[in-house]
Amino acid sequence: MAIKEGRVAIVTGAAQGIGYGVAKRLAAAGARVALIDIKEEAVKAAVDEIAAAGGTAMCLVGDVGLKADADRMVQTVVDVWGTVDILVNNAGINRDAIFYKMTEQQWDDVIRVNLKSMFLMTQACYWPMRNQKYGRIICMSSSACRGNVGQANYSATKAGVIAFSNVIALENAKHGITCNTICPGTIESPMLHSVPDSVLEDWKKAQPTGHFGTPDDIAEAVLFFASEDSGFISGQHIWVDGAMQTGLKAKG
């Protein structure tokens, strides 16, 4: 797997967790990486760490669920680095509640950040990719796309991500733009530790590997889809979950 030296990548939700792991890996592979997050201090620190390791990175602060912010940040990348070659739609939040207790605000917040942001960011990156007849778009879904108790909003977005990615792949195959989806299982991240410890223990017991994944595991899958060698792979989704999905199928 190789990325051409100097390719321009954008990673959303890149201040920590999976997004930061992905940004680090792309930078180590030779890409220039724009890290986008709403958390200004955290994303600046992430960029500093990548630069200290010898990578090329820039920090952009904004809300990817707002069209004006998405357009502004992508335009900044184009103004500074000339184009966008790789987009990793990673930004996501959870606002968990049992369905009948879920508020409209909890529903709307998750839909906007997890799903609408992918539409806005992909649309903002479209013409730079279309004009050069090259693009790699990777969208982050989740094993929650199957449905989780207390996550009607989150699961709906993660299932929607797969359908959205399939359409982008179909509509843009002739333009040299691929779009693929990654479905992480349980990954060590700040979002994971918003879950009660007792629940985490149950999840770990059910995990075939006996341990959770790491952001590095997801970053390697992103690198594959972002590489020069993956141009004929599009409209696919891959489970990075330590055989959890396989286990569920076997039990069924």
# chains A, B, ... in the order shown; residues from 1 in each chain; ligands from 1
>>> residues_around(residues="segment 18-35 of chain A", least_positions_apart="4", cutoff="6 Å", atoms="only C-alpha atoms", output="JSON, numbers by chain")
{"A": [5, 6, 7, 8, 9, 10, 11, 13, 14, 55, 56, 57, 58, 59, 215, 216, 219]}
>>> residues_around(residues="Thr209 of chain A", least_positions_apart="6", cutoff="9 Å", atoms="only C-alpha atoms", output="ChimeraX atom specification")
/A:242-244
>>> select_by_dssp(residues="segment 15-209 of chain A", states="helix (DSSP H, G or I)", output="PyMOL selection string")
chain A and resi 17-28+40-52+67-81+99-101+104-132+143-146+152-175+192-194+197-206
>>> write_last_selection(atoms="C-alpha atoms", output="tab-separated table (two decimals), in the first residue's frame")
chain	number	residue	atom	x	y	z
A	17	GLY	CA	-9.23	8.84	19.07
A	18	ILE	CA	-9.71	7.25	15.66
A	19	GLY	CA	-9.42	10.54	13.77
A	20	TYR	CA	-6.08	11.39	15.30
A	21	GLY	CA	-4.78	7.86	14.70
A	22	VAL	CA	-5.80	8.11	11.05
A	23	ALA	CA	-4.22	11.55	10.61
A	24	LYS	CA	-0.94	10.33	12.12
A	25	ARG	CA	-0.83	7.30	9.84
A	26	LEU	CA	-1.55	9.27	6.68
A	27	ALA	CA	1.11	11.82	7.59
A	28	ALA	CA	3.63	9.04	8.27
A	40	GLU	CA	-9.38	24.04	19.09
A	41	GLU	CA	-6.73	23.33	21.71
A	42	ALA	CA	-6.86	19.58	21.19
A	43	VAL	CA	-6.57	19.74	17.41
A	44	LYS	CA	-3.70	22.23	17.62
A	45	ALA	CA	-1.87	19.85	19.96
A	46	ALA	CA	-2.50	16.96	17.55
A	47	VAL	CA	-1.02	18.95	14.66
A	48	ASP	CA	2.02	19.86	16.77
A	49	GLU	CA	2.61	16.18	17.58
A	50	ILE	CA	2.43	15.19	13.91
A	51	ALA	CA	4.83	17.99	12.96
A	52	ALA	CA	7.23	16.97	15.73
A	67	LYS	CA	-22.19	24.17	5.42
A	68	ALA	CA	-20.39	27.51	5.83
A	69	ASP	CA	-17.73	25.92	8.03
A	70	ALA	CA	-17.30	22.87	5.79
A	71	ASP	CA	-16.91	25.03	2.68
A	72	ARG	CA	-14.52	27.44	4.43
A	73	MET	CA	-12.23	24.73	5.74
A	74	VAL	CA	-12.01	22.83	2.47
A	75	GLN	CA	-11.33	26.07	0.59
A	76	THR	CA	-8.52	26.84	3.03
A	77	VAL	CA	-6.91	23.49	2.25
A	78	VAL	CA	-7.22	24.12	-1.49
A	79	ASP	CA	-5.81	27.65	-1.14
A	80	VAL	CA	-2.79	26.43	0.84
A	81	TRP	CA	-2.06	23.03	-0.76
A	99	PHE	CA	-35.87	5.50	22.19
A	100	TYR	CA	-38.95	6.66	24.09
A	101	LYS	CA	-36.82	8.91	26.30
A	104	GLU	CA	-35.56	15.68	19.55
A	105	GLN	CA	-32.33	17.58	20.28
A	106	GLN	CA	-30.43	14.34	20.91
A	107	TRP	CA	-31.73	12.98	17.63
A	108	ASP	CA	-30.96	16.13	15.64
A	109	ASP	CA	-27.45	16.62	17.07
A	110	VAL	CA	-26.32	13.11	16.15
A	111	ILE	CA	-27.87	13.19	12.68
A	112	ARG	CA	-26.21	16.55	11.94
A	113	VAL	CA	-22.70	15.64	13.09
A	114	ASN	CA	-22.59	11.98	12.06
A	115	LEU	CA	-24.45	12.05	8.74
A	116	LYS	CA	-25.11	15.56	7.46
A	117	SER	CA	-21.42	16.41	7.94
A	118	MET	CA	-20.46	13.65	5.51
A	119	PHE	CA	-22.75	15.11	2.87
A	120	LEU	CA	-21.37	18.62	3.42
A	121	MET	CA	-17.69	17.66	3.51
A	122	THR	CA	-17.95	15.32	0.53
A	123	GLN	CA	-19.77	17.96	-1.48
A	124	ALA	CA	-17.16	20.58	-0.55
A	125	CYS	CA	-14.34	18.28	-1.71
A	126	TYR	CA	-16.11	17.15	-4.86
A	127	TRP	CA	-14.90	19.62	-7.48
A	128	PRO	CA	-11.20	19.53	-6.53
A	129	MET	CA	-11.39	15.74	-6.88
A	130	ARG	CA	-13.58	15.76	-9.99
A	131	ASN	CA	-11.38	18.30	-11.79
A	132	GLN	CA	-8.25	16.20	-11.29
A	143	SER	CA	-20.66	-1.93	14.04
A	144	ALA	CA	-23.63	-0.05	15.55
A	145	CYS	CA	-25.10	0.11	12.04
A	146	ARG	CA	-26.80	-3.18	12.96
A	152	ALA	CA	-31.57	4.76	17.72
A	153	ASN	CA	-29.99	8.04	16.58
A	154	TYR	CA	-26.38	6.80	16.38
A	155	SER	CA	-27.26	3.49	14.71
A	156	ALA	CA	-29.45	5.23	12.15
A	157	THR	CA	-26.58	7.50	11.14
A	158	LYS	CA	-24.09	4.66	10.89
A	159	ALA	CA	-26.41	2.62	8.66
A	160	GLY	CA	-27.03	5.76	6.61
A	161	VAL	CA	-23.29	6.26	6.15
A	162	ILE	CA	-23.05	2.95	4.29
A	163	ALA	CA	-25.90	3.82	1.93
A	164	PHE	CA	-24.51	7.32	1.38
A	165	SER	CA	-21.06	5.93	0.55
A	166	ASN	CA	-22.52	3.45	-1.93
A	167	VAL	CA	-24.26	6.26	-3.81
A	168	ILE	CA	-21.11	8.41	-3.90
A	169	ALA	CA	-19.19	5.40	-5.23
A	170	LEU	CA	-21.76	4.76	-7.98
A	171	GLU	CA	-22.09	8.37	-9.06
A	172	ASN	CA	-18.34	9.02	-9.24
A	173	ALA	CA	-16.69	5.82	-10.45
A	174	LYS	CA	-16.25	7.31	-13.93
A	175	HIS	CA	-14.54	10.36	-12.43
A	192	LEU	CA	-15.76	4.40	24.39
A	193	HIS	CA	-15.18	5.51	27.95
A	194	SER	CA	-18.46	7.39	28.06
A	197	ASP	CA	-17.52	0.19	33.14
A	198	SER	CA	-19.96	-2.66	33.76
A	199	VAL	CA	-21.10	-2.50	30.13
A	200	LEU	CA	-17.51	-2.39	28.89
A	201	GLU	CA	-16.75	-5.55	30.84
A	202	ASP	CA	-19.66	-7.33	29.17
A	203	TRP	CA	-18.49	-6.14	25.75
A	204	LYS	CA	-14.96	-7.36	26.41
A	205	LYS	CA	-16.22	-10.81	27.43
A	206	ALA	CA	-18.19	-11.02	24.17
>>> atom_distance(atom1="atom CA of Phe224 of chain A", atom2="atom CA of Ile138 of chain A")
10.1 Å
>>> select_by_dssp(residues="segment 16-159 of chain A", states="strand (DSSP E)", output="ChimeraX atom specification")
/A:32-37,56-61,86-89,135-140
>>> closest_residue(among="A:Ile3, A:Ile137, A:Ile238, A:Met191", to="Asn94 of chain A", atoms="only C-alpha atoms")
A:Met191
>>> closest_residue(among="A:Ser230, A:Asn148, A:Gln245, A:Ser141", to="Gly176 of chain A", atoms="only C-alpha atoms")
A:Ser230
>>> residues_around(residues="Ser234 of chain A", least_positions_apart="4", cutoff="7 Å", atoms="only C-alpha atoms", output="list of chain:residue names")
A:Ala169, A:Thr178, A:Cys179, A:Asn180
>>> decode(residues="segment 29-42 of chain A", atoms="N, CA and C atoms", output="tab-separated table (two decimals), in the first residue's frame")
chain	number	residue	atom	x	y	z
A	29	ALA	N	2.73	8.23	6.15
A	29	ALA	CA	2.82	7.64	4.81
A	29	ALA	C	3.19	8.67	3.75
A	30	GLY	N	3.32	9.94	4.14
A	30	GLY	CA	3.77	10.96	3.20
A	30	GLY	C	2.73	11.96	2.76
A	31	ALA	N	1.51	11.83	3.27
A	31	ALA	CA	0.47	12.79	2.90
A	31	ALA	C	0.60	14.08	3.71
A	32	ARG	N	0.13	15.17	3.12
A	32	ARG	CA	-0.07	16.41	3.87
A	32	ARG	C	-1.49	16.34	4.41
A	33	VAL	N	-1.64	16.52	5.72
A	33	VAL	CA	-2.92	16.23	6.36
A	33	VAL	C	-3.49	17.46	7.05
A	34	ALA	N	-4.74	17.78	6.70
A	34	ALA	CA	-5.48	18.82	7.40
A	34	ALA	C	-6.36	18.15	8.44
A	35	LEU	N	-6.14	18.50	9.70
A	35	LEU	CA	-6.91	17.94	10.80
A	35	LEU	C	-8.03	18.92	11.16
A	36	ILE	N	-9.26	18.45	11.10
A	36	ILE	CA	-10.42	19.28	11.40
A	36	ILE	C	-11.07	18.80	12.68
A	37	ASP	N	-11.38	19.76	13.56
A	37	ASP	CA	-12.10	19.43	14.78
A	37	ASP	C	-12.70	20.70	15.34
A	38	ILE	N	-13.70	20.54	16.17
A	38	ILE	CA	-14.32	21.69	16.83
A	38	ILE	C	-13.58	22.06	18.11
A	39	LYS	N	-12.73	21.15	18.59
A	39	LYS	CA	-11.97	21.37	19.82
A	39	LYS	C	-10.62	21.98	19.48
A	40	GLU	N	-10.53	23.30	19.61
A	40	GLU	CA	-9.38	24.04	19.09
A	40	GLU	C	-8.06	23.64	19.74
A	41	GLU	N	-8.00	23.64	21.05
A	41	GLU	CA	-6.73	23.33	21.71
A	41	GLU	C	-6.28	21.92	21.42
A	42	ALA	N	-7.22	20.98	21.42
A	42	ALA	CA	-6.86	19.58	21.19
A	42	ALA	C	-6.36	19.35	19.77
